[in-house]
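S.K.: So here's input-v5.cif (mmCIF, C-alpha atoms).
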```cif
data_final
loop_
_atom_site.label_atom_id
_atom_site.label_comp_id
_atom_site.auth_asym_id
_atom_site.auth_seq_id
_atom_site.Cartn_x
_atom_site.Cartn_y
_atom_site.Cartn_z
CA MET C 1 21.97 -22.72 0.41
CA ARG C 2 20.04 -19.62 1.40
CA SER C 3 21.06 -16.24 0.01
CA TYR C 4 20.62 -12.85 1.62
CA PRO C 5 20.16 -10.17 -1.06
CA ALA C 6 21.40 -6.64 -0.48
CA TYR C 7 19.97 -3.74 -2.47
CA LYS C 8 18.65 -0.17 -2.35
CA ALA C 9 14.96 0.57 -1.68
CA ALA C 10 12.97 3.77 -2.12
CA ALA C 11 10.17 5.11 0.08
CA MET C 12 8.20 7.60 -2.01
CA HIS C 13 7.22 10.69 0.00
CA VAL C 14 5.22 12.18 -2.85
CA SER C 15 1.92 13.79 -3.77
CA PRO C 16 -0.48 12.73 -6.54
CA ILE C 17 -2.03 14.99 -9.14
CA TYR C 18 -5.18 15.31 -7.09
CA LEU C 19 -8.08 13.17 -8.35
CA ASP C 20 -6.51 12.92 -11.81
CA THR C 21 -5.64 9.29 -12.44
CA ALA C 22 -3.99 9.74 -15.83
CA LYS C 23 -1.62 12.46 -14.65
CA THR C 24 -0.89 10.66 -11.37
CA VAL C 25 0.04 7.51 -13.31
CA ASP C 26 2.32 9.68 -15.48
CA LYS C 27 3.99 11.02 -12.33
CA ALA C 28 4.29 7.54 -10.79
CA CYS C 29 6.00 6.17 -13.92
CA SER C 30 8.39 9.13 -13.92
CA LEU C 31 9.22 8.57 -10.24
CA ILE C 32 9.79 4.85 -10.82
CA ALA C 33 12.30 5.71 -13.54
CA GLU C 34 14.00 8.30 -11.29
CA ALA C 35 14.31 5.83 -8.41
CA ALA C 36 15.72 3.18 -10.76
CA ARG C 37 18.31 5.62 -12.10
CA ASN C 38 19.39 6.18 -8.51
CA GLY C 39 19.87 2.45 -8.01
CA ALA C 40 16.62 1.42 -6.27
CA ARG C 41 15.37 -2.14 -6.82
CA LEU C 42 12.19 -1.81 -4.73
CA VAL C 43 9.93 1.28 -4.88
CA ALA C 44 7.05 1.83 -2.42
CA PHE C 45 4.33 4.44 -2.97
CA PRO C 46 1.87 5.83 -0.37
CA GLU C 47 -1.62 4.71 0.54
CA ALA C 48 -4.30 5.33 -2.11
CA TYR C 49 -1.73 7.24 -4.17
CA ILE C 50 -3.79 6.86 -7.34
CA PRO C 51 -5.78 9.10 -7.64
CA ALA C 52 -5.37 10.57 -4.08
CA PHE C 53 -6.24 9.87 -0.46
CA PRO C 54 -9.80 11.16 0.31
CA LEU C 55 -8.80 13.59 3.05
CA TRP C 56 -11.83 15.69 2.17
CA ALA C 57 -14.09 13.12 3.86
CA THR C 58 -12.98 14.26 7.32
CA LEU C 59 -13.25 17.97 6.50
CA ARG C 60 -16.81 18.09 5.22
CA ALA C 61 -20.13 16.56 6.23
CA PRO C 62 -21.01 13.46 4.16
CA GLY C 63 -23.77 15.29 2.30
CA ALA C 64 -21.36 18.03 1.30
CA SER C 65 -18.83 15.58 -0.11
CA ASN C 66 -20.86 13.96 -2.86
CA ASP C 67 -19.04 15.71 -5.70
CA PHE C 68 -15.67 14.59 -4.32
CA PHE C 69 -16.86 10.99 -4.03
CA ARG C 70 -18.23 11.07 -7.58
CA ARG C 71 -14.86 12.32 -8.87
CA LEU C 72 -13.01 9.67 -6.87
CA ALA C 73 -15.25 6.91 -8.24
CA ALA C 74 -14.76 8.21 -11.78
CA ASN C 75 -10.98 8.03 -11.29
CA ALA C 76 -10.93 4.62 -9.60
CA VAL C 77 -8.57 2.00 -11.02
CA GLU C 78 -9.65 -1.50 -12.07
CA VAL C 79 -7.28 -4.45 -11.64
CA PRO C 80 -6.05 -5.27 -14.15
CA GLY C 81 -6.69 -2.27 -16.35
CA PRO C 82 -4.81 0.22 -18.49
CA GLU C 83 -3.45 2.22 -15.53
CA VAL C 84 -2.12 -0.87 -13.76
CA GLN C 85 -0.65 -2.09 -17.04
CA ARG C 86 1.25 1.21 -17.38
CA ILE C 87 2.71 0.85 -13.87
CA ALA C 88 3.62 -2.75 -14.68
CA GLN C 89 5.35 -1.65 -17.88
CA ALA C 90 7.31 0.98 -15.94
CA ALA C 91 8.38 -1.72 -13.46
CA ARG C 92 9.51 -3.94 -16.33
CA ASP C 93 11.25 -1.14 -18.26
CA ASN C 94 13.21 -0.10 -15.15
CA ASP C 95 13.76 -3.59 -13.68
CA VAL C 96 12.24 -2.68 -10.29
CA PHE C 97 9.61 -4.06 -7.93
CA VAL C 98 6.77 -1.60 -7.28
CA SER C 99 4.34 -1.41 -4.36
CA ILE C 100 1.59 1.13 -5.00
CA GLY C 101 -1.64 2.20 -3.31
CA ILE C 102 -4.77 2.77 -5.39
CA THR C 103 -8.47 3.35 -4.99
CA GLU C 104 -9.80 0.29 -6.79
CA GLY C 105 -13.12 0.16 -8.60
CA THR C 106 -15.14 -2.64 -10.15
CA SER C 107 -17.44 -3.06 -13.12
CA ALA C 108 -19.91 -4.77 -10.76
CA SER C 109 -20.79 -1.43 -9.11
CA VAL C 110 -20.06 2.19 -10.01
CA GLY C 111 -20.00 3.11 -6.30
CA CYS C 112 -18.06 0.22 -4.74
CA LEU C 113 -14.44 1.16 -4.04
CA TRP C 114 -11.58 -0.47 -2.16
CA ASN C 115 -8.39 0.82 -0.59
CA THR C 116 -5.93 -1.45 -2.39
CA ASN C 117 -2.20 -2.11 -2.46
CA LEU C 118 -0.55 -3.85 -5.40
CA LEU C 119 2.87 -5.46 -5.52
CA ILE C 120 4.25 -5.72 -9.06
CA GLY C 121 7.39 -7.61 -9.98
CA GLN C 122 10.32 -6.35 -12.01
CA ASP C 123 9.03 -8.47 -14.89
CA GLY C 124 5.65 -6.72 -14.93
CA ARG C 125 3.74 -9.49 -13.15
CA LEU C 126 1.16 -8.85 -10.44
CA LEU C 127 2.57 -10.54 -7.34
CA ASN C 128 -0.05 -9.53 -4.77
CA HIS C 129 -3.42 -7.76 -4.74
CA HIS C 130 -4.44 -6.68 -1.23
CA ARG C 131 -7.57 -4.80 -0.24
CA LYS C 132 -7.55 -3.11 3.17
CA ILE C 133 -9.52 -5.45 5.38
CA ALA C 134 -11.43 -2.67 7.20
CA PRO C 135 -11.49 1.06 6.40
CA THR C 136 -10.62 3.32 9.34
CA TYR C 137 -13.00 5.89 10.87
CA TYR C 138 -14.36 8.21 8.14
CA GLU C 139 -12.85 5.98 5.44
CA LYS C 140 -15.92 3.77 5.90
CA LEU C 141 -17.85 6.43 3.94
CA ILE C 142 -15.53 5.86 0.99
CA TRP C 143 -14.20 2.30 0.83
CA ALA C 144 -15.76 -1.14 1.26
CA ASN C 145 -14.30 -3.88 3.47
CA GLY C 146 -11.61 -5.97 1.82
CA ASP C 147 -10.95 -9.67 2.32
CA GLY C 148 -8.08 -11.94 3.28
CA VAL C 149 -6.95 -12.88 -0.23
CA GLY C 150 -4.08 -10.41 -0.23
CA LEU C 151 -2.69 -11.20 3.23
CA ASN C 152 0.33 -12.73 1.55
CA VAL C 153 4.09 -12.54 1.86
CA VAL C 154 5.61 -12.97 -1.59
CA ASP C 155 8.89 -14.78 -2.18
CA THR C 156 10.95 -12.66 -4.60
CA ASP C 157 14.54 -12.13 -5.73
CA LEU C 158 14.66 -9.34 -3.12
CA GLY C 159 13.47 -11.56 -0.27
CA ARG C 160 10.05 -12.23 1.22
CA ILE C 161 7.99 -9.04 0.88
CA GLY C 162 4.72 -8.24 2.66
CA ALA C 163 2.58 -5.10 2.94
CA LEU C 164 -0.19 -3.75 5.15
CA ILE C 165 -2.13 -0.55 4.66
CA CYS C 166 -2.16 2.24 7.27
CA ALA C 167 -4.04 1.13 10.42
CA GLU C 168 -3.67 -2.53 9.48
CA ASN C 169 -0.15 -2.07 10.84
CA ALA C 170 -1.71 -1.53 14.27
CA ASN C 171 -3.50 -4.88 13.98
CA ALA C 172 -1.34 -7.36 15.88
CA LEU C 173 -3.04 -10.37 14.24
CA ALA C 174 -2.51 -9.02 10.73
CA ARG C 175 1.13 -8.31 11.51
CA HIS C 176 1.58 -11.79 12.97
CA ALA C 177 0.07 -13.28 9.79
CA MET C 178 2.82 -11.50 7.82
CA MET C 179 5.52 -12.49 10.29
CA ALA C 180 4.48 -16.14 10.24
CA GLN C 181 5.01 -16.31 6.47
CA GLY C 182 8.72 -15.60 6.85
CA GLU C 183 8.50 -11.91 6.00
CA GLN C 184 11.82 -10.09 5.58
CA VAL C 185 10.72 -6.74 4.14
CA HIS C 186 7.50 -5.12 5.33
CA ILE C 187 5.90 -2.21 3.46
CA MET C 188 3.66 0.24 5.34
CA ASN C 189 1.84 2.90 3.33
CA TYR C 190 0.03 5.90 4.79
CA PRO C 191 -1.96 9.03 3.85
CA PRO C 192 -0.59 12.61 3.84
CA GLY C 193 -1.95 13.26 7.32
CA TRP C 194 -4.81 12.64 9.68
CA ILE C 195 -7.23 15.12 11.19
CA GLY C 196 -8.83 14.00 14.43
CA ARG C 197 -8.33 13.73 18.16
CA GLY C 198 -5.74 11.49 19.69
CA SER C 199 -2.01 11.03 19.80
CA SER C 200 0.44 12.31 17.23
CA VAL C 201 -0.16 10.37 14.01
CA ASP C 202 3.50 10.68 13.10
CA LYS C 203 4.54 9.21 16.46
CA ILE C 204 2.03 6.37 16.03
CA ILE C 205 3.35 5.52 12.55
CA GLN C 206 6.95 5.45 13.70
CA SER C 207 6.05 3.40 16.78
CA HIS C 208 4.24 0.76 14.72
CA ALA C 209 7.17 0.53 12.33
CA GLU C 210 9.66 0.18 15.16
CA VAL C 211 7.57 -2.49 16.90
CA HIS C 212 7.22 -4.55 13.74
CA CYS C 213 10.93 -4.28 12.95
CA ILE C 214 11.86 -5.54 16.40
CA SER C 215 9.11 -8.18 16.68
CA ALA C 216 9.45 -9.64 13.17
CA LYS C 217 13.17 -8.86 12.65
CA VAL C 218 12.41 -7.26 9.30
CA PHE C 219 13.17 -4.11 7.35
CA CYS C 220 10.22 -1.70 7.25
CA ILE C 221 9.64 0.66 4.34
CA VAL C 222 7.27 3.45 5.42
CA SER C 223 5.78 5.49 2.58
CA SER C 224 3.53 8.41 3.55
CA ALA C 225 1.96 10.74 1.01
CA PHE C 226 3.02 14.38 0.79
CA LEU C 227 0.31 17.06 1.00
CA SER C 228 1.22 19.70 -1.56
CA ASP C 229 -0.19 23.22 -1.84
CA ALA C 230 -2.02 22.12 -4.98
CA ASP C 231 -3.63 19.26 -3.01
CA ARG C 232 -4.71 21.66 -0.28
CA ASP C 233 -6.26 24.03 -2.80
CA ALA C 234 -8.09 21.16 -4.52
CA ILE C 235 -9.49 19.84 -1.23
CA ALA C 236 -10.45 23.28 0.10
CA ASP C 237 -12.17 24.22 -3.16
CA GLY C 238 -12.27 27.86 -2.09
CA ASP C 239 -13.27 27.23 1.54
CA MET C 240 -10.65 29.15 3.54
CA LYS C 241 -11.67 27.51 6.84
CA ILE C 242 -10.89 24.07 5.40
CA ARG C 243 -7.67 25.42 3.88
CA ALA C 244 -6.62 26.69 7.31
CA MET C 245 -7.33 23.28 8.88
CA MET C 246 -5.07 21.62 6.34
CA ASP C 247 -2.32 24.15 6.97
CA GLY C 248 -2.23 22.89 10.56
CA ILE C 249 -2.24 19.19 9.73
CA GLU C 250 0.64 17.10 11.04
CA ARG C 251 2.73 15.59 8.28
CA PRO C 252 3.72 11.92 8.70
CA LYS C 253 7.25 10.80 7.81
CA SER C 254 8.53 8.43 5.17
CA MET C 255 11.56 6.30 6.02
CA ILE C 256 13.21 2.90 5.94
CA LEU C 257 14.06 1.14 9.20
CA ALA C 258 16.41 -1.78 9.84
CA PRO C 259 15.49 -4.84 11.97
CA SER C 260 17.03 -2.97 14.91
CA ALA C 261 14.41 -0.22 14.30
CA GLU C 262 17.23 2.20 13.50
CA PRO C 263 16.75 4.36 10.39
CA CYS C 264 18.73 3.28 7.34
CA SER C 265 17.42 6.15 5.21
CA PRO C 266 16.76 9.86 5.64
CA LEU C 267 13.45 10.70 7.36
CA LEU C 268 11.37 12.78 4.95
CA CYS C 269 8.58 14.95 6.28
CA GLU C 270 8.33 18.62 5.30
CA GLU C 271 9.44 18.30 1.68
CA GLU C 272 8.41 16.05 -1.18
CA GLY C 273 11.07 13.55 -2.16
CA ILE C 274 12.35 9.98 -2.14
CA ALA C 275 13.95 8.34 0.92
CA TYR C 276 16.57 5.84 -0.21
CA GLY C 277 17.92 3.18 2.10
CA ASN C 278 20.13 0.11 1.83
CA ILE C 279 18.61 -3.25 2.74
CA ASP C 280 20.80 -6.24 3.59
CA LEU C 281 18.70 -9.28 4.46
CA ALA C 282 21.63 -10.86 6.29
CA ASP C 283 20.80 -8.36 9.04
CA CYS C 284 17.52 -10.22 9.69
CA VAL C 285 19.19 -13.49 10.68
CA VAL C 286 21.09 -13.12 13.96
CA PRO C 287 18.33 -11.13 15.73
CA LYS C 288 16.06 -14.17 15.32
CA GLN C 289 18.58 -16.23 17.29
CA PHE C 290 17.70 -14.10 20.31
CA LEU C 291 13.94 -13.68 19.88
CA ASP C 292 11.90 -15.32 17.14
CA PHE C 293 8.13 -15.18 17.58
CA THR C 294 7.61 -17.67 14.77
CA GLY C 295 10.49 -19.84 15.94
CA ASN C 296 12.38 -20.26 19.20
CA VAL C 297 9.98 -18.42 21.52
CA SER C 298 6.75 -19.44 19.80
CA ARG C 299 4.11 -21.46 21.62
CA PHE C 300 1.76 -22.55 18.89
CA ASP C 301 0.36 -25.19 21.23
CA ILE C 302 -1.04 -22.29 23.29
CA PHE C 303 -1.66 -19.52 20.76
CA LYS C 304 -3.40 -20.31 17.46
CA LEU C 305 -4.24 -17.92 14.63
CA THR C 306 -6.49 -18.87 11.70
CA VAL C 307 -6.62 -16.59 8.64
CA ASP C 308 -9.38 -16.97 6.03
CA ARG C 309 -7.83 -16.06 2.67
CA SER C 310 -10.90 -16.79 0.58
CA ALA C 311 -12.31 -14.05 -1.64
CA ASN C 312 -15.46 -12.04 -1.02
CA ALA C 313 -17.69 -11.73 -4.07
CA ALA C 314 -21.02 -10.02 -4.66
CA VAL C 315 -22.31 -13.07 -6.50
CA VAL C 316 -21.01 -16.38 -7.85
CA PHE C 317 -22.66 -17.71 -11.02
CA GLU C 318 -22.43 -21.49 -11.33
CA ASP C 319 -21.81 -21.30 -15.09
CA GLU C 320 -19.02 -18.72 -14.70
CA ARG C 321 -16.65 -20.27 -12.19
CA ARG C 322 -13.66 -19.96 -14.51
CA VAL C 323 -12.74 -16.47 -13.27
CA ARG C 324 -9.15 -15.82 -14.20
CA ASN C 325 -6.75 -15.31 -11.33
CA HIS C 326 -4.56 -12.40 -12.39
CA VAL C 327 -2.08 -12.72 -9.53
CA GLY C 328 1.02 -14.05 -11.24
CA SER C 329 -0.06 -12.70 -14.64
CA ASP C 330 2.02 -10.39 -16.80
CA LEU C 331 -0.02 -7.19 -16.57
CA THR C 332 1.73 -5.71 -19.59
CA VAL C 333 0.15 -8.31 -21.85
CA VAL C 334 -3.00 -9.51 -20.08
CA ALA C 335 -6.27 -8.18 -21.48
CA GLU C 336 -8.37 -5.85 -19.33
CA PHE C 337 -11.01 -7.70 -17.28
CA LYS C 338 -14.45 -6.70 -18.61
CA GLY C 339 -16.95 -9.40 -17.56
CA VAL C 340 -19.72 -7.52 -15.78
CA HIS C 341 -21.30 -10.75 -14.54
CA HIS C 342 -18.15 -11.98 -12.84
CA PRO C 343 -17.55 -11.48 -9.13
CA PRO C 344 -15.64 -8.22 -8.50
CA ARG C 345 -12.70 -10.04 -6.92
CA LEU C 346 -10.22 -11.21 -9.55
CA ASN C 347 -8.75 -13.93 -7.37
CA ALA C 348 -10.81 -17.09 -7.68
#
```
Would you mind writing the file's structure down as structure tokens?
M.R.:
Amino acid sequence: MRSYPAYKAAAMHVSPIYLDTAKTVDKACSLIAEAARNGARLVAFPEAYIPAFPLWATLRAPGASNDFFRRLAANAVEVPGPEVQRIAQAARDNDVFVSIGITEGTSASVGCLWNTNLLIGQDGRLLNHHRKIAPTYYEKLIWANGDGVGLNVVDTDLGRIGALICAENANALARHAMMAQGEQVHIMNYPPGWIGRGSSVDKIIQSHAEVHCISAKVFCIVSSAFLSDADRDAIADGDMKIRAMMDGIERPKSMILAPSAEPCSPLLCEEEGIAYGNIDLADCVVPKQFLDFTGNVSRFDIFKLTVDRSANAAVVFEDERRVRNHVGSDLTVVAEFKGVHHPPRLNA
């Protein structure tokens, strides 16, 4: 007999300690403990939270951003590694599931970075390792393309959980891939703002969340980073023109939406904090009786989607095919991956 868990979730509307991985991990562990004390079972952090979203890349010419990129690369997180192990231990100590955005690095290249989201179980195990499939706009100067390995929905004690990063949530095919795996809770993580022409970024984020809630009949947890004064000062680095541009940036919201697209948490925007909301997976059932795009209104004889979930690797050595797959491993006990000759992707 199927069960429909009910629990509290937390959307983290928080800032990092800018480009300082160690201190940002400290803050993340503290926030995980705070959310757990307040009854949360699932905690979702923003995009590229560790060590910070590279907002500087849209405020300066590429040649004037080299020092920022060097600092970002120096603070990149390897998976697994000591920083991920600390987050995993915090998840285990507090009995919570944690979704967190990182800038991921690799021993195969000091300059290759990915925009990555990790889902860690309450037992400290890595449940999913997703790299953003295509960086957006100026992000292409920072992050490499990801692959399809992490386009997974994970079956957990809290239901079937999936996650997409920022503009991936505007990709109808990526969203359908999540929906078609029986997703019940969808995590969307975003940066602290966006500078560029076009429609309101906050309106776009909310619209994508509402559409996915209604289309997939899921709960959506939206976690957007908060841009603190300390972040602004760090990015401006004494340039008052850049500081003024950041003062005018539109702040995106963090929130939790029900399958009806109605908020089931406060909407956080102007202040740093945690948006708590109650999730009851029984609320996902009846809406599918009316409109189920992977069920009663599907036409898979007409529409077909193929997703390649194989890993991209810089090189595959025939004598080193036994690359350990760390998805499903207990990150609090697994040794850090050090093999410089192995492909950078940990999923074989």
S.K.: With all atoms listed in the file as the counted atoms, please give the residues lying no more than 9 Å from region 148-161 of chain C, apart from itself and same-chain residues fewer than 2 positions off, as a PDB file with C-alpha atoms, in the coordinates of the input.
M.R.:
```pdb
ATOM      1  CA  SER C   3      21.060 -16.240   0.010  1.00  0.00           C
ATOM      2  CA  TYR C   4      20.620 -12.850   1.620  1.00  0.00           C
ATOM      3  CA  PRO C   5      20.160 -10.170  -1.060  1.00  0.00           C
ATOM      4  CA  ALA C   6      21.400  -6.640  -0.480  1.00  0.00           C
ATOM      5  CA  TYR C   7      19.970  -3.740  -2.470  1.00  0.00           C
ATOM      6  CA  ARG C  41      15.370  -2.140  -6.820  1.00  0.00           C
ATOM      7  CA  LEU C  42      12.190  -1.810  -4.730  1.00  0.00           C
ATOM      8  CA  PHE C  97       9.610  -4.060  -7.930  1.00  0.00           C
ATOM      9  CA  ASN C 117      -2.200  -2.110  -2.460  1.00  0.00           C
ATOM     10  CA  LEU C 119       2.870  -5.460  -5.520  1.00  0.00           C
ATOM     11  CA  GLY C 121       7.390  -7.610  -9.980  1.00  0.00           C
ATOM     12  CA  LEU C 127       2.570 -10.540  -7.340  1.00  0.00           C
ATOM     13  CA  ASN C 128      -0.050  -9.530  -4.770  1.00  0.00           C
ATOM     14  CA  HIS C 129      -3.420  -7.760  -4.740  1.00  0.00           C
ATOM     15  CA  HIS C 130      -4.440  -6.680  -1.230  1.00  0.00           C
ATOM     16  CA  ARG C 131      -7.570  -4.800  -0.240  1.00  0.00           C
ATOM     17  CA  LYS C 132      -7.550  -3.110   3.170  1.00  0.00           C
ATOM     18  CA  ILE C 133      -9.520  -5.450   5.380  1.00  0.00           C
ATOM     19  CA  GLY C 146     -11.610  -5.970   1.820  1.00  0.00           C
ATOM     20  CA  ALA C 163       2.580  -5.100   2.940  1.00  0.00           C
ATOM     21  CA  LEU C 164      -0.190  -3.750   5.150  1.00  0.00           C
ATOM     22  CA  ALA C 174      -2.510  -9.020  10.730  1.00  0.00           C
ATOM     23  CA  ALA C 177       0.070 -13.280   9.790  1.00  0.00           C
ATOM     24  CA  MET C 178       2.820 -11.500   7.820  1.00  0.00           C
ATOM     25  CA  MET C 179       5.520 -12.490  10.290  1.00  0.00           C
ATOM     26  CA  GLN C 181       5.010 -16.310   6.470  1.00  0.00           C
ATOM     27  CA  GLY C 182       8.720 -15.600   6.850  1.00  0.00           C
ATOM     28  CA  GLU C 183       8.500 -11.910   6.000  1.00  0.00           C
ATOM     29  CA  GLN C 184      11.820 -10.090   5.580  1.00  0.00           C
ATOM     30  CA  VAL C 185      10.720  -6.740   4.140  1.00  0.00           C
ATOM     31  CA  HIS C 186       7.500  -5.120   5.330  1.00  0.00           C
ATOM     32  CA  ILE C 187       5.900  -2.210   3.460  1.00  0.00           C
ATOM     33  CA  LEU C 281      18.700  -9.280   4.460  1.00  0.00           C
ATOM     34  CA  VAL C 307      -6.620 -16.590   8.640  1.00  0.00           C
ATOM     35  CA  ASP C 308      -9.380 -16.970   6.030  1.00  0.00           C
ATOM     36  CA  ARG C 309      -7.830 -16.060   2.670  1.00  0.00           C
ATOM     37  CA  SER C 310     -10.900 -16.790   0.580  1.00  0.00           C
ATOM     38  CA  ALA C 311     -12.310 -14.050  -1.640  1.00  0.00           C
ATOM     39  CA  ASN C 312     -15.460 -12.040  -1.020  1.00  0.00           C
ATOM     40  CA  ASN C 347      -8.750 -13.930  -7.370  1.00  0.00           C
TER      41      ASN C 347
END
```
S.K.: Under the rule that only C-alpha atoms are counted, which of C:Pro82, C:Gly328, C:Pro62, C:Gly273 is the nearest residue to Thr21 (chain C)?
M.R.: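 Of C:Pro82, C:Gly328, C:Pro62, C:Gly273, the one nearest Thr21 (chain C), counting only C-alpha atoms, is C:Pro82.
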S.K.: Report the distance between CA of Trp194 (chain C) and CA of Leu113 (chain C) in Å, rounded to one decimal place.
M.R.: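 So the answer is 20.3 Å.
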S.K.: Tell me, in Å to one decimal, how far CA of Glu250 (chain C) is from CA of Ala134 (chain C).
M.R.: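 Distance reported for this atom pair: 23.5 Å.
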S.K.: Within 10 Å of Gly39 (chain C), counting all atoms listed in the file, which residues show up once you throw out same-chain ones fewer than 5 positions away? Write them as JSON, numbers by chain, please.
M.R.: {"C": [7, 8, 9, 10, 33, 34, 96, 276]}
S.K.: Rank C:Cys284, C:Ile214, C:Met245, C:Leu227 by their smallest atom-to-atom distance to Cys269 (chain C), using all atoms listed in the file, and report the top residue only.
M.R.: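 Counting all atoms listed in the file, the residue closest to Cys269 (chain C) is C:Leu227.
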S.K.: When you count all atoms listed in the file, which of these residues is closest to Ile32 (chain C): C:Tyr18, C:Ala282, C:Tyr190, C:Ile100?
M.R.: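 Under the stated criterion, the closest residue is C:Ile100.
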S.K.: When you draw a straight line from CA of Leu141 (chain C) to CA of Leu59 (chain C), how long is it in Å?
M.R.: 12.7 Å
S.K.: Taking the file as shown, what set of residues would the PyMOL selection byres ((chain C and resi 223) around 8) give back, as a list in words?
M.R.: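 On this input, the PyMOL selection byres ((chain C and resi 223) around 8) captures Ala11, Met12, His13, Ala44, Phe45, Pro46, Glu47, Ile187, Met188, Asn189, Tyr190, Ile221, Val222, Ser224, Ala225, Lys253, Ser254 and Met255 of chain C.
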S.K.: Which residue is closest to Asn94 (chain C)? Choose from C:Val315, C:Leu31, C:Ala167, C:Val327 and count only C-alpha atoms.
M.R.: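 Result for the nearest residue to Asn94 (chain C): C:Leu31.
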S.K.: If we count all atoms listed in the file, what is near Val201 (chain C) at a cut-off of 9 Å, once residues fewer than 4 positions away on the same chain are taken out, given as a list of chain:residue names?
M.R.: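 What passes the distance filter is C:Gly193, C:Trp194, C:Ile195, C:Ile205, C:Gln206, C:Glu250, C:Arg251, C:Pro252.
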S.K.: Could you write out the selected residues, including C-alpha atoms, as a compact mmCIF listing (two decimals), in the coordinates of the input?
M.R.:
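Saved result, part_2.txt, follows:
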```txt
# COMPACT_ATOMS: atom_id res chain seq x y z
CA GLY C 193 -1.95 13.26 7.32
CA TRP C 194 -4.81 12.64 9.68
CA ILE C 195 -7.23 15.12 11.19
CA ILE C 205 3.35 5.52 12.55
CA GLN C 206 6.95 5.45 13.70
CA GLU C 250 0.64 17.10 11.04
CA ARG C 251 2.73 15.59 8.28
CA PRO C 252 3.72 11.92 8.70
```
S.K.: Considering only C-alpha atoms, return as a compact mmCIF listing (two decimals) with C-alpha atoms, in the coordinates of the input whatever protein or nucleic-acid residues lie within 8 Å of Asn169 (chain C), sequence-local ones (same chain, fewer than 6 positions apart) excluded.
M.R.:
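As written to disk, out22.txt reads:
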```txt
# COMPACT_ATOMS: atom_id res chain seq x y z
CA ARG C 175 1.13 -8.31 11.51
CA MET C 188 3.66 0.24 5.34
CA HIS C 208 4.24 0.76 14.72
CA ALA C 209 7.17 0.53 12.33
```
S.K.: Show which residues sit within 6 Å of Pro259 (chain C), as a tab-separated table (two decimals) with C-alpha atoms, in the coordinates of the input. Count only C-alpha atoms, and ignore same-chain residues fewer than 4 positions away.
M.R.:
```tsv
chain	number	residue	atom	x	y	z
C	213	CYS	CA	10.93	-4.28	12.95
C	214	ILE	CA	11.86	-5.54	16.40
C	217	LYS	CA	13.17	-8.86	12.65
C	218	VAL	CA	12.41	-7.26	9.30
C	219	PHE	CA	13.17	-4.11	7.35
```
S.K.: Out of C:Ile87, C:Ile235, C:Ile204, C:Ala144, which residue has the shortest atom-to-atom distance to Asp67 (chain C) when counting only C-alpha atoms?
M.R.: C:Ile235
S.K.: Pick out the closest residue to Asp231 (chain C) from this set: C:Pro192, C:Pro287, C:Ser265, C:Thr58. Count all atoms listed in the file.
M.R.: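 Smallest distance to Asp231 (chain C) is found for C:Pro192.
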S.K.: Identify all residues satisfying the PyMOL selection byres ((chain C and resi 104) around 8) in the given file; provide them as JSON, numbers by chain.
M.R.: {"C": [76, 77, 78, 79, 102, 103, 105, 106, 113, 114, 115, 116]}
S.K.: Go ahead and fit an axis-aligned box to every listed atom of region 88-100 of chain C plus 6 Å each side, and pass me the centre and edge lengths in Å, one decimal, as AutoDock Vina command-line options.
M.R.:
```
--center_x 7.7 --center_y -1.5 --center_z -11.3 --size_x 24.2 --size_y 17.2 --size_z 25.9
```
